[in-house]
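K.L.:
This one is run38.txt, compact mmCIF, C-alpha atoms.
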```
# COMPACT_ATOMS: atom_id res chain seq x y z
CA MET J 1 33.89 -13.35 7.68
CA ALA J 2 30.70 -14.01 5.70
CA GLN J 3 31.08 -14.01 1.93
CA LEU J 4 29.15 -11.82 -0.47
CA PRO J 5 27.64 -13.13 -3.73
CA GLU J 6 30.03 -11.29 -6.05
CA GLU J 7 28.15 -12.26 -9.24
CA ARG J 8 24.93 -10.87 -7.81
CA LEU J 9 26.67 -7.62 -6.88
CA ASP J 10 27.94 -7.26 -10.45
CA ALA J 11 24.47 -7.97 -11.82
CA LEU J 12 22.94 -5.33 -9.56
CA GLU J 13 25.47 -2.76 -10.74
CA GLU J 14 24.71 -3.60 -14.36
CA ARG J 15 20.99 -3.24 -13.67
CA PHE J 16 21.57 0.11 -11.98
CA VAL J 17 23.50 1.46 -14.97
CA TRP J 18 20.80 0.14 -17.33
CA LEU J 19 18.10 1.93 -15.33
CA GLU J 20 20.12 5.14 -15.41
CA ASN J 21 20.50 4.96 -19.18
CA SER J 22 16.86 4.00 -19.71
CA MET J 23 15.63 7.02 -17.76
CA ALA J 24 17.87 9.26 -19.87
CA ASP J 25 16.18 7.95 -23.06
CA ASN J 26 12.97 9.92 -22.31
CA PRO J 27 10.53 7.03 -21.80
CA ASP J 28 6.78 7.63 -21.39
CA PRO J 29 5.73 8.97 -17.96
CA ASP J 30 4.40 5.65 -16.59
CA THR J 31 7.55 3.79 -17.59
CA TYR J 32 9.72 6.55 -16.16
CA VAL J 33 7.97 6.31 -12.78
CA LYS J 34 8.59 2.54 -12.64
CA LEU J 35 12.23 2.94 -13.65
CA ALA J 36 12.77 5.75 -11.15
CA LYS J 37 11.31 3.72 -8.29
CA GLU J 38 13.56 0.74 -8.99
CA TYR J 39 16.53 3.08 -9.41
CA ALA J 40 15.82 4.72 -6.04
CA ASP J 41 15.37 1.33 -4.36
CA LEU J 42 18.70 0.08 -5.74
CA GLY J 43 20.58 3.29 -4.92
CA PRO J 44 21.58 2.53 -1.30
CA VAL J 45 22.88 -0.97 -2.01
CA ILE J 46 24.81 0.19 -5.10
CA GLU J 47 26.42 2.94 -3.03
CA SER J 48 27.52 0.29 -0.52
CA VAL J 49 28.72 -2.10 -3.24
CA ARG J 50 30.85 0.57 -4.88
CA ALA J 51 32.34 1.57 -1.53
CA TYR J 52 33.06 -2.12 -0.85
CA LYS J 53 34.85 -2.59 -4.18
CA LYS J 54 36.87 0.56 -3.59
CA VAL J 55 37.98 -0.75 -0.20
CA LEU J 56 38.90 -4.14 -1.73
CA ALA J 57 41.13 -2.36 -4.26
CA ALA J 58 42.75 -0.34 -1.45
CA ILE J 59 43.37 -3.56 0.52
CA ALA J 60 45.09 -5.11 -2.47
CA ASP J 61 47.31 -2.03 -2.83
CA ALA J 62 48.17 -2.08 0.89
CA ARG J 63 49.16 -5.75 0.74
CA GLU J 64 51.35 -5.08 -2.28
CA MET J 65 53.10 -2.28 -0.40
CA MET J 66 53.64 -4.57 2.60
CA ALA J 67 55.41 -7.04 0.35
CA GLY J 68 57.78 -4.35 -0.97
CA GLU J 69 61.32 -3.65 0.18
CA ASP J 70 60.60 -0.21 1.67
CA ARG J 71 60.06 -1.13 5.34
CA GLU J 72 58.77 2.31 6.33
CA MET J 73 56.10 2.16 3.60
CA ALA J 74 55.33 -1.44 4.56
CA GLU J 75 54.72 -0.48 8.20
CA MET J 76 52.42 2.36 7.13
CA ALA J 77 50.58 -0.02 4.81
CA GLU J 78 50.15 -2.53 7.65
CA VAL J 79 48.42 0.10 9.81
CA GLU J 80 46.25 1.16 6.88
CA LEU J 81 45.38 -2.46 6.11
CA ALA J 82 43.90 -3.02 9.56
CA GLU J 83 41.65 0.03 9.12
CA LEU J 84 40.64 -1.01 5.61
CA GLU J 85 39.76 -4.55 6.71
CA GLU J 86 37.55 -3.11 9.45
CA GLN J 87 35.81 -0.94 6.83
CA ARG J 88 35.41 -3.96 4.56
CA ASP J 89 33.83 -6.07 7.32
CA GLY J 90 31.40 -3.26 8.13
CA LEU J 91 30.43 -2.93 4.47
CA VAL J 92 29.94 -6.69 4.16
CA ASP J 93 27.50 -6.63 7.10
CA ARG J 94 25.66 -3.64 5.63
CA ILE J 95 25.37 -5.18 2.15
CA ARG J 96 24.17 -8.52 3.54
CA LEU J 97 21.32 -6.69 5.26
CA GLN J 98 20.56 -4.66 2.13
CA LEU J 99 20.39 -7.85 0.04
CA LEU J 100 17.80 -9.49 2.28
CA PRO J 101 14.46 -10.00 0.53
CA ARG J 102 12.03 -7.22 1.38
CA ASP J 103 8.37 -7.74 2.09
CA ALA J 104 6.59 -6.28 -0.93
CA ALA J 105 4.14 -4.59 1.43
CA ASP J 106 6.74 -2.91 3.67
CA ASP J 107 6.30 0.55 2.15
CA LYS J 108 2.53 0.45 2.41
CA SER J 109 0.16 2.08 4.84
CA VAL J 110 -1.80 -0.24 7.13
CA ILE J 111 -5.19 -1.16 8.45
CA ILE J 112 -4.99 -2.06 12.13
CA GLU J 113 -7.75 -4.01 13.85
CA LEU J 114 -7.98 -4.30 17.64
CA ARG J 115 -10.48 -6.56 19.37
CA ALA J 116 -11.13 -7.27 23.03
CA GLY J 117 -10.40 -10.89 23.91
CA THR J 118 -10.81 -12.75 27.18
CA GLY J 119 -11.46 -10.58 30.21
CA GLY J 120 -14.78 -8.86 29.61
CA ASP J 121 -14.88 -5.12 30.32
CA GLU J 122 -11.20 -5.09 31.31
CA ALA J 123 -10.27 -6.53 27.89
CA ALA J 124 -12.19 -3.73 26.18
CA LEU J 125 -10.40 -1.15 28.32
CA PHE J 126 -7.06 -2.75 27.41
CA ALA J 127 -7.96 -2.64 23.70
CA GLY J 128 -8.52 1.08 24.21
CA ASP J 129 -5.11 1.43 25.82
CA LEU J 130 -3.47 -0.37 22.90
CA PHE J 131 -5.31 1.80 20.39
CA ARG J 132 -4.10 4.98 22.10
CA MET J 133 -0.56 3.52 22.11
CA TYR J 134 -0.66 3.07 18.33
CA GLN J 135 -2.35 6.43 17.90
CA ARG J 136 0.50 8.15 19.74
CA TYR J 137 3.09 6.09 17.85
CA ALA J 138 1.53 7.21 14.55
CA GLU J 139 1.73 10.83 15.68
CA LEU J 140 5.41 10.44 16.51
CA LYS J 141 6.05 8.98 13.05
CA ARG J 142 3.96 11.74 11.43
CA TRP J 143 1.55 9.19 10.01
CA LYS J 144 -2.15 9.93 9.63
CA LEU J 145 -4.61 7.77 11.59
CA SER J 146 -8.29 7.56 10.68
CA VAL J 147 -10.86 5.42 12.50
CA LEU J 148 -12.85 3.27 10.06
CA GLU J 149 -15.07 1.33 12.47
CA GLN J 150 -15.52 1.23 16.23
CA ASN J 151 -17.64 -0.60 18.76
CA GLU J 152 -17.24 0.81 22.24
CA GLY J 153 -17.22 -1.27 25.42
CA GLU J 154 -19.86 -0.87 28.10
CA MET J 155 -17.32 0.49 30.61
CA GLY J 156 -15.12 2.27 28.08
CA GLY J 157 -12.46 1.17 25.68
CA TYR J 158 -13.43 -0.85 22.62
CA ARG J 159 -14.86 -4.23 21.91
CA GLU J 160 -13.52 -3.61 18.41
CA ILE J 161 -11.85 -0.70 16.65
CA ILE J 162 -10.46 -0.60 13.11
CA ALA J 163 -8.30 2.25 11.82
CA SER J 164 -6.16 3.10 8.83
CA ILE J 165 -2.66 4.45 9.40
CA THR J 166 -1.33 6.23 6.34
CA GLY J 167 2.40 6.73 5.93
CA VAL J 168 5.33 5.30 3.98
CA GLY J 169 6.82 2.33 5.81
CA ALA J 170 3.98 1.95 8.31
CA TYR J 171 3.59 -1.76 7.54
CA ALA J 172 7.33 -2.41 7.86
CA ARG J 173 7.20 -1.16 11.46
CA LEU J 174 3.78 -2.27 12.63
CA LYS J 175 3.53 -5.75 11.08
CA PHE J 176 5.31 -7.18 14.12
CA GLU J 177 2.38 -6.09 16.32
CA SER J 178 0.00 -8.75 14.99
CA GLY J 179 -0.94 -11.24 17.66
CA VAL J 180 -2.45 -11.65 21.11
CA HIS J 181 -1.48 -8.97 23.64
CA ARG J 182 -2.02 -9.84 27.31
CA VAL J 183 -2.36 -7.44 30.24
CA GLN J 184 -1.94 -8.13 33.95
CA ARG J 185 -3.22 -5.41 36.29
CA VAL J 186 -5.68 -4.58 39.06
CA PRO J 187 -8.93 -3.26 37.53
CA ASP J 188 -10.42 -0.08 38.97
CA THR J 189 -13.49 -2.08 39.98
CA GLU J 190 -11.45 -4.65 41.98
CA SER J 191 -11.73 -3.71 45.66
CA SER J 192 -9.51 -6.55 46.93
CA GLY J 193 -6.54 -5.54 44.80
CA ARG J 194 -6.48 -8.85 42.94
CA ILE J 195 -4.58 -8.86 39.65
CA HIS J 196 -6.65 -9.77 36.61
CA THR J 197 -5.37 -11.09 33.30
CA SER J 198 -7.13 -10.17 30.09
CA ALA J 199 -6.22 -9.98 26.43
CA ALA J 200 -6.80 -8.18 23.16
CA THR J 201 -5.92 -9.20 19.63
CA VAL J 202 -4.17 -6.97 17.13
CA ALA J 203 -4.21 -7.55 13.38
CA VAL J 204 -2.04 -5.39 11.11
CA LEU J 205 -2.88 -5.61 7.41
CA PRO J 206 -1.22 -3.76 4.53
CA ASP J 207 -3.52 -1.17 2.95
CA VAL J 208 -3.50 -2.42 -0.63
CA GLU J 209 -4.78 -0.92 -3.86
CA ASP J 210 -7.02 -2.41 -6.52
CA VAL J 211 -3.96 -3.45 -8.51
CA ASP J 212 -2.65 -5.57 -5.62
CA VAL J 213 -5.73 -7.77 -5.29
CA GLU J 214 -8.15 -8.78 -8.03
CA ILE J 215 -11.77 -8.74 -6.85
CA ARG J 216 -14.43 -9.70 -9.38
CA PRO J 217 -17.84 -8.07 -8.90
CA GLU J 218 -19.57 -11.41 -9.45
CA ASP J 219 -17.70 -12.81 -6.42
CA LEU J 220 -19.32 -10.31 -4.06
CA ARG J 221 -22.60 -10.29 -2.19
CA ILE J 222 -23.38 -6.82 -0.85
CA ASP J 223 -26.09 -6.36 1.78
CA THR J 224 -27.30 -3.22 3.51
CA MET J 225 -28.60 -3.36 7.06
CA ARG J 226 -29.35 -1.24 10.08
CA ALA J 227 -26.29 -0.30 12.13
CA SER J 228 -26.12 -1.23 15.80
CA GLY J 229 -24.35 0.59 18.61
CA ALA J 230 -23.19 -0.01 22.16
CA GLY J 231 -25.96 0.35 24.71
CA GLY J 232 -28.39 1.58 22.10
CA GLN J 233 -26.37 4.70 21.40
CA HIS J 234 -25.51 6.07 17.96
CA VAL J 235 -27.82 3.61 16.25
CA ASN J 236 -28.78 4.49 12.70
CA THR J 237 -32.47 4.47 11.86
CA THR J 238 -31.79 3.77 8.18
CA ASP J 239 -30.16 0.82 6.45
CA SER J 240 -26.75 2.50 6.07
CA ALA J 241 -24.48 -0.30 7.28
CA VAL J 242 -22.86 -2.36 4.53
CA ARG J 243 -21.87 -6.01 4.69
CA ILE J 244 -19.79 -7.47 1.87
CA THR J 245 -19.26 -11.22 1.53
CA HIS J 246 -16.48 -12.48 -0.71
CA LEU J 247 -18.05 -15.74 -1.89
CA PRO J 248 -14.90 -17.67 -2.96
CA SER J 249 -13.06 -17.11 0.34
CA GLY J 250 -16.01 -16.68 2.70
CA ILE J 251 -14.51 -13.46 4.08
CA VAL J 252 -17.17 -11.10 5.46
CA VAL J 253 -16.57 -7.42 6.23
CA VAL J 254 -18.95 -4.90 7.75
CA ALA J 255 -18.84 -1.10 7.90
CA SER J 256 -21.54 0.69 9.90
CA GLU J 257 -20.87 4.41 10.11
CA LYS J 258 -23.53 6.95 9.08
CA SER J 259 -22.89 7.18 5.33
CA GLN J 260 -23.80 4.16 3.21
CA HIS J 261 -21.53 5.41 0.41
CA GLN J 262 -18.59 5.72 2.80
CA ASN J 263 -19.39 2.35 4.35
CA ARG J 264 -19.21 0.66 0.97
CA ALA J 265 -15.77 2.21 0.32
CA THR J 266 -14.57 1.27 3.81
CA ALA J 267 -15.83 -2.31 3.48
CA MET J 268 -14.04 -2.72 0.14
CA LYS J 269 -10.87 -1.34 1.69
CA LEU J 270 -11.09 -3.90 4.51
CA LEU J 271 -11.87 -6.72 2.09
CA ARG J 272 -8.85 -5.95 -0.10
CA ALA J 273 -6.59 -5.91 2.95
CA ARG J 274 -7.91 -9.23 4.28
CA LEU J 275 -7.72 -10.94 0.90
CA TYR J 276 -4.15 -9.72 0.46
CA GLU J 277 -3.26 -11.03 3.92
CA GLU J 278 -4.89 -14.38 3.18
CA GLN J 279 -2.94 -14.72 -0.06
CA LYS J 280 0.27 -13.72 1.70
CA ASN J 281 -0.29 -16.27 4.46
CA ALA J 282 -0.99 -18.95 1.85
CA ARG J 283 2.37 -18.18 0.22
CA ASP J 284 4.07 -18.28 3.61
CA ARG J 285 2.60 -21.71 4.37
CA GLU J 286 4.15 -23.07 1.19
CA ARG J 287 7.62 -22.28 2.48
CA ALA J 288 9.68 -24.50 4.73
CA ASP J 289 8.24 -25.35 8.16
CA ALA J 290 11.13 -23.53 9.81
CA ARG J 291 9.93 -20.24 8.37
CA ARG J 292 6.47 -20.46 9.93
CA ASP J 293 7.66 -19.42 13.36
CA GLN J 294 9.59 -16.41 12.18
CA VAL J 295 8.84 -13.00 13.64
CA GLY J 296 6.27 -11.13 11.61
CA SER J 297 4.39 -14.19 10.43
CA GLY J 298 1.17 -12.47 11.48
CA ASP J 299 -0.17 -15.47 13.37
CA ARG J 300 -2.79 -13.87 15.59
CA SER J 301 -3.40 -17.03 17.64
CA GLU J 302 -0.03 -16.69 19.35
CA ARG J 303 0.43 -14.66 22.53
CA ILE J 304 3.19 -12.27 21.60
CA ARG J 305 3.44 -9.76 24.45
CA THR J 306 2.52 -9.27 28.11
CA TYR J 307 2.03 -5.90 29.80
CA ASN J 308 2.42 -6.31 33.57
CA PHE J 309 1.33 -3.10 35.31
CA PRO J 310 2.15 -4.01 38.95
CA GLN J 311 5.78 -4.66 37.98
CA GLY J 312 5.95 -1.95 35.31
CA ARG J 313 7.30 -4.36 32.74
CA VAL J 314 6.48 -5.42 29.22
CA THR J 315 7.72 -8.74 27.81
CA ASP J 316 7.82 -9.74 24.16
CA HIS J 317 7.70 -13.53 24.22
CA ARG J 318 8.94 -14.03 20.65
CA ILE J 319 12.40 -12.71 21.45
CA SER J 320 12.35 -13.12 25.26
CA LEU J 321 12.85 -9.38 25.75
CA THR J 322 11.65 -7.67 28.93
CA LEU J 323 11.70 -3.91 29.39
CA TYR J 324 10.88 -2.20 32.65
CA LYS J 325 9.49 0.74 30.71
CA LEU J 326 5.81 -0.12 30.57
CA ASP J 327 4.72 3.50 31.06
CA LYS J 328 6.76 4.63 28.06
CA VAL J 329 5.74 1.69 25.87
CA ILE J 330 2.00 1.98 26.54
CA ALA J 331 2.29 5.72 25.87
CA GLY J 332 3.76 4.94 22.43
CA ASP J 333 7.09 6.66 23.13
CA GLY J 334 8.92 3.42 24.00
CA LEU J 335 7.41 1.18 21.32
CA ASP J 336 10.33 1.70 18.92
CA GLU J 337 12.72 -0.12 21.27
CA LEU J 338 10.58 -3.26 21.06
CA ILE J 339 10.06 -2.97 17.31
CA ASP J 340 13.78 -2.35 16.66
CA ALA J 341 14.63 -5.53 18.59
CA LEU J 342 12.04 -7.51 16.61
CA VAL J 343 13.38 -6.18 13.29
CA THR J 344 16.95 -7.07 14.28
CA ASP J 345 15.93 -10.58 15.32
CA HIS J 346 13.99 -11.06 12.09
CA GLN J 347 16.99 -9.96 10.03
CA ALA J 348 19.29 -12.30 11.96
CA MET J 349 17.01 -15.22 11.15
CA GLN J 350 16.96 -14.25 7.47
CA LEU J 351 20.76 -13.98 7.40
CA ALA J 352 21.09 -17.40 9.04
CA ALA J 353 18.76 -18.88 6.44
CA MET J 354 20.76 -17.21 3.66
CA ASP J 355 24.01 -18.62 5.04
CA ASP J 356 22.46 -22.08 5.17
CA GLY J 357 21.62 -21.75 1.51
CA ASP J 358 17.88 -21.90 2.14
```
How would this structure read if it were set down as structure tokens?

P.N.:
Amino acid sequence: MAQLPEERLDALEERFVWLENSMADNPDPDTYVKLAKEYADLGPVIESVRAYKKVLAAIADAREMMAGEDREMAEMAEVELAELEEQRDGLVDRIRLQLLPRDAADDKSVIIELRAGTGGDEAALFAGDLFRMYQRYAELKRWKLSVLEQNEGEMGGYREIIASITGVGAYARLKFESGVHRVQRVPDTESSGRIHTSAATVAVLPDVEDVDVEIRPEDLRIDTMRASGAGGQHVNTTDSAVRITHLPSGIVVVASEKSQHQNRATAMKLLRARLYEEQKNARDRERADARRDQVGSGDRSERIRTYNFPQGRVTDHRISLTLYKLDKVIAGDGLDELIDALVTDHQAMQLAAMDDGD
């Protein structure tokens, strides 16, 4: 059985009590909010720790009874001990998961960017399918989705579409979707029935606030320009599109809807998200090489999933999982099964690293 860091558990309990007392001392509102958030975050693990310690005490009592001279009581204690040890092992597993380091962005909303890759018109159509999959998934989770920028394909779908998905925990679930998605199917325009392969890229970025990323005005170059549209449609006749260049990083973002004011706000929102992601990736690269291949690294150059329509299957290559539920997955209803498996695999890798003392 894996061991728990007892000293850390004691320290967490002490911190929890301190937070409780500090909130009772009537701090100022801002301080109270910070204390309350940490208190709420610690609550579940403290509940588990206290249950674990209670079970350990009961195990000690049962063993003492087994060593006594009353054989009837000893036999009862032996049965109880087996049940208590099972409870203890379950609590150990739960606490180990609760002690894993959390991504600071997990509770945040997201910005999701989908772009057609190789495959021409079919890739744009596939990007549209993926967008509708995430749109439906957001509905099921009761998250709010708003399109920030879109560039439609000539035959439908999207060459590019960027949307915000607002909801607590959206990033924790969707961050595993970053990467290259590949589709294998017979296009409607293919008369011979030949299967085509095309791809689309998905980038999932945490929707961060001003306090998460420092952007100095002097580091920005802001240009206005005339918006363009697919096939000459929806083209603005005024310079309403906004392009912002972050000079230190070279990151360029563009927003080209009808309102210049809204485009500026959208472009800044995109810039913050991309800068945050760049800083996060830089921190990740500083870690051990073994960590770079972990699930959720956000490496968009890697093919992560294949959707094979003729066989009705979807395969996630990171965890070698194949589901013959393509219709449910692409409709958004079956996406949780893939994400749950990715989360479990990610946690297993973290636990292995923790056990190795990394």

K.L.:
Nearest to J:Ile95: which of J:Lys325, J:Arg8, J:Arg303, J:Arg142 is it, counting all atoms listed in the file?

P.N.:
J:Arg8

K.L.:
Just the residues within 10 Å of stretch 59-70 of chain J, please, counting all atoms listed in the file, with nothing from its chain fewer than 2 positions along; format it as a list in words.

P.N.:
Lys53, Lys54, Val55, Leu56, Ala57, Glu72, Met73, Ala74, Glu75, Met76, Ala77, Glu78, Val79, Glu80, Leu81, Ala82, Glu83, Leu84, Glu85 and Arg88 of chain J

K.L.:
For J:Asp106, which residue out of J:Glu337, J:Asp41, J:Ala172, J:Arg132 is the nearest one, using only C-alpha atoms?

P.N.:
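Looking only at the distances to J:Asp106, the closest residue turns out to be J:Ala172.
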
K.L.:
How far is it from atom CA of J:Gly156 to atom CA of J:Asp188, in Å with one decimal?

P.N.:
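Between these atoms lies a distance of 12.1 Å.
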
K.L.:
Pick the closest to J:Phe131 from J:Leu148, J:Ile244, J:Met23, J:Ile112: which is it, counting only C-alpha atoms?

P.N.:
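Closest residue, counting only C-alpha atoms: J:Ile112.
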
K.L.:
From the options J:Leu205, J:Val254, J:Leu130, J:Gly119, which residue's atoms come nearest to J:Asp223, counting only C-alpha atoms?

P.N.:
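The closest residue to J:Asp223 is J:Val254.
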
K.L.:
Could you jot down the atom CA of J:Val147 to atom CA of J:Val204 separation for me, Å, one decimal place?

P.N.:
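Spanning atom CA of J:Val147 to atom CA of J:Val204 is a straight-line distance of 14.0 Å.
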
K.L.:
Find the residues near stretch 216-219 of chain J: any atom within 10 Å, counting only C-alpha atoms, skip ones fewer than 3 places away on the same chain, and give them as an NGL selection string.

P.N.:
:J and (213 or 222 or 245-249)

K.L.:
Could you tell me how far atom CA of J:Glu113 lies from atom CA of J:Thr201, in Å and to one decimal?

P.N.:
8.0 Å

K.L.:
Quick one: everything within 10 Å of J:Gly169, counting only C-alpha atoms, minus sequence neighbours fewer than 6 positions away in the same chain. Send it as a PyMOL selection string.

P.N.:
chain J and resi 105-110+141+143

K.L.:
So, counting all atoms listed in the file, which residue among J:Gln262, J:Gln184, J:Thr315, J:Ser164 is closest to J:Gln135?

P.N.:
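Smallest distance to J:Gln135 is found for J:Ser164.
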
K.L.:
Go through J:Asp129, J:Arg182, J:Leu351, J:Val252 one by one, measure the shortest atom-to-atom distance of each to J:Asp93 using all atoms listed in the file, and give the residue with the smallest value.

P.N.:
J:Leu351

K.L.:
So that all listed atoms of stretch 325-341 of chain J fit with 3 Å spare on each side, what axis-aligned box centre and edge lengths in Å, to one decimal, would you give as JSON?

P.N.:
```
{"center_x": 8.3, "center_y": 0.6, "center_z": 23.9, "size_x": 18.6, "size_y": 18.2, "size_z": 20.4}
```

K.L.:
Could you give me stretch 189-216 of chain J completed to N, CA and C atoms, formatted as a PDB file, in the frame of the given file?

P.N.:
```pdb
ATOM      1  N   THR J 189     -12.311  -1.568  39.286  1.00  0.00           N
ATOM      2  CA  THR J 189     -13.490  -2.080  39.980  1.00  0.00           C
ATOM      3  C   THR J 189     -13.141  -3.180  40.986  1.00  0.00           C
ATOM      4  N   GLU J 190     -11.863  -3.553  41.093  1.00  0.00           N
ATOM      5  CA  GLU J 190     -11.450  -4.650  41.980  1.00  0.00           C
ATOM      6  C   GLU J 190     -11.081  -4.089  43.348  1.00  0.00           C
ATOM      7  N   SER J 191     -11.942  -4.289  44.329  1.00  0.00           N
ATOM      8  CA  SER J 191     -11.730  -3.710  45.660  1.00  0.00           C
ATOM      9  C   SER J 191     -10.670  -4.461  46.462  1.00  0.00           C
ATOM     10  N   SER J 192     -10.459  -5.741  46.145  1.00  0.00           N
ATOM     11  CA  SER J 192      -9.510  -6.550  46.930  1.00  0.00           C
ATOM     12  C   SER J 192      -8.080  -6.416  46.438  1.00  0.00           C
ATOM     13  N   GLY J 193      -7.891  -5.708  45.327  1.00  0.00           N
ATOM     14  CA  GLY J 193      -6.540  -5.540  44.800  1.00  0.00           C
ATOM     15  C   GLY J 193      -6.014  -6.735  44.046  1.00  0.00           C
ATOM     16  N   ARG J 194      -6.911  -7.632  43.645  1.00  0.00           N
ATOM     17  CA  ARG J 194      -6.480  -8.850  42.940  1.00  0.00           C
ATOM     18  C   ARG J 194      -6.133  -8.520  41.496  1.00  0.00           C
ATOM     19  N   ILE J 195      -5.025  -9.085  41.022  1.00  0.00           N
ATOM     20  CA  ILE J 195      -4.580  -8.860  39.650  1.00  0.00           C
ATOM     21  C   ILE J 195      -5.407  -9.702  38.690  1.00  0.00           C
ATOM     22  N   HIS J 196      -5.902  -9.071  37.647  1.00  0.00           N
ATOM     23  CA  HIS J 196      -6.650  -9.770  36.610  1.00  0.00           C
ATOM     24  C   HIS J 196      -5.789  -9.870  35.353  1.00  0.00           C
ATOM     25  N   THR J 197      -6.028 -10.920  34.596  1.00  0.00           N
ATOM     26  CA  THR J 197      -5.370 -11.090  33.300  1.00  0.00           C
ATOM     27  C   THR J 197      -6.423 -11.062  32.208  1.00  0.00           C
ATOM     28  N   SER J 198      -6.219 -10.236  31.233  1.00  0.00           N
ATOM     29  CA  SER J 198      -7.130 -10.170  30.090  1.00  0.00           C
ATOM     30  C   SER J 198      -6.294  -9.983  28.827  1.00  0.00           C
ATOM     31  N   ALA J 199      -6.968 -10.005  27.694  1.00  0.00           N
ATOM     32  CA  ALA J 199      -6.220  -9.980  26.430  1.00  0.00           C
ATOM     33  C   ALA J 199      -6.974  -9.224  25.356  1.00  0.00           C
ATOM     34  N   ALA J 200      -6.230  -8.797  24.362  1.00  0.00           N
ATOM     35  CA  ALA J 200      -6.800  -8.180  23.160  1.00  0.00           C
ATOM     36  C   ALA J 200      -5.984  -8.660  21.972  1.00  0.00           C
ATOM     37  N   THR J 201      -6.628  -8.780  20.835  1.00  0.00           N
ATOM     38  CA  THR J 201      -5.920  -9.200  19.630  1.00  0.00           C
ATOM     39  C   THR J 201      -5.675  -7.995  18.727  1.00  0.00           C
ATOM     40  N   VAL J 202      -4.538  -8.021  18.075  1.00  0.00           N
ATOM     41  CA  VAL J 202      -4.170  -6.970  17.130  1.00  0.00           C
ATOM     42  C   VAL J 202      -3.896  -7.624  15.781  1.00  0.00           C
ATOM     43  N   ALA J 203      -4.491  -7.091  14.739  1.00  0.00           N
ATOM     44  CA  ALA J 203      -4.210  -7.550  13.380  1.00  0.00           C
ATOM     45  C   ALA J 203      -3.739  -6.348  12.568  1.00  0.00           C
ATOM     46  N   VAL J 204      -2.588  -6.477  11.935  1.00  0.00           N
ATOM     47  CA  VAL J 204      -2.040  -5.390  11.110  1.00  0.00           C
ATOM     48  C   VAL J 204      -2.007  -5.888   9.671  1.00  0.00           C
ATOM     49  N   LEU J 205      -2.754  -5.215   8.811  1.00  0.00           N
ATOM     50  CA  LEU J 205      -2.880  -5.610   7.410  1.00  0.00           C
ATOM     51  C   LEU J 205      -2.369  -4.496   6.517  1.00  0.00           C
ATOM     52  N   PRO J 206      -1.652  -4.821   5.452  1.00  0.00           N
ATOM     53  CA  PRO J 206      -1.220  -3.760   4.530  1.00  0.00           C
ATOM     54  C   PRO J 206      -2.421  -3.179   3.801  1.00  0.00           C
ATOM     55  N   ASP J 207      -2.443  -1.872   3.656  1.00  0.00           N
ATOM     56  CA  ASP J 207      -3.520  -1.170   2.950  1.00  0.00           C
ATOM     57  C   ASP J 207      -3.201  -1.237   1.465  1.00  0.00           C
ATOM     58  N   VAL J 208      -3.864  -2.138   0.760  1.00  0.00           N
ATOM     59  CA  VAL J 208      -3.500  -2.420  -0.630  1.00  0.00           C
ATOM     60  C   VAL J 208      -4.451  -1.734  -1.594  1.00  0.00           C
ATOM     61  N   GLU J 209      -3.990  -1.572  -2.813  1.00  0.00           N
ATOM     62  CA  GLU J 209      -4.780  -0.920  -3.860  1.00  0.00           C
ATOM     63  C   GLU J 209      -5.474  -1.983  -4.714  1.00  0.00           C
ATOM     64  N   ASP J 210      -6.307  -1.493  -5.624  1.00  0.00           N
ATOM     65  CA  ASP J 210      -7.020  -2.410  -6.520  1.00  0.00           C
ATOM     66  C   ASP J 210      -6.058  -3.281  -7.317  1.00  0.00           C
ATOM     67  N   VAL J 211      -4.902  -2.711  -7.666  1.00  0.00           N
ATOM     68  CA  VAL J 211      -3.960  -3.450  -8.510  1.00  0.00           C
ATOM     69  C   VAL J 211      -3.287  -4.581  -7.741  1.00  0.00           C
ATOM     70  N   ASP J 212      -3.305  -4.544  -6.413  1.00  0.00           N
ATOM     71  CA  ASP J 212      -2.650  -5.570  -5.620  1.00  0.00           C
ATOM     72  C   ASP J 212      -3.500  -6.825  -5.460  1.00  0.00           C
ATOM     73  N   VAL J 213      -4.811  -6.650  -5.485  1.00  0.00           N
ATOM     74  CA  VAL J 213      -5.730  -7.770  -5.290  1.00  0.00           C
ATOM     75  C   VAL J 213      -6.845  -7.669  -6.321  1.00  0.00           C
ATOM     76  N   GLU J 214      -7.069  -8.764  -7.039  1.00  0.00           N
ATOM     77  CA  GLU J 214      -8.150  -8.780  -8.030  1.00  0.00           C
ATOM     78  C   GLU J 214      -9.440  -9.247  -7.353  1.00  0.00           C
ATOM     79  N   ILE J 215     -10.460  -8.394  -7.411  1.00  0.00           N
ATOM     80  CA  ILE J 215     -11.770  -8.740  -6.850  1.00  0.00           C
ATOM     81  C   ILE J 215     -12.796  -8.608  -7.970  1.00  0.00           C
ATOM     82  N   ARG J 216     -13.427  -9.725  -8.322  1.00  0.00           N
ATOM     83  CA  ARG J 216     -14.430  -9.700  -9.380  1.00  0.00           C
ATOM     84  C   ARG J 216     -15.799  -9.362  -8.800  1.00  0.00           C
TER      85      ARG J 216
END
```
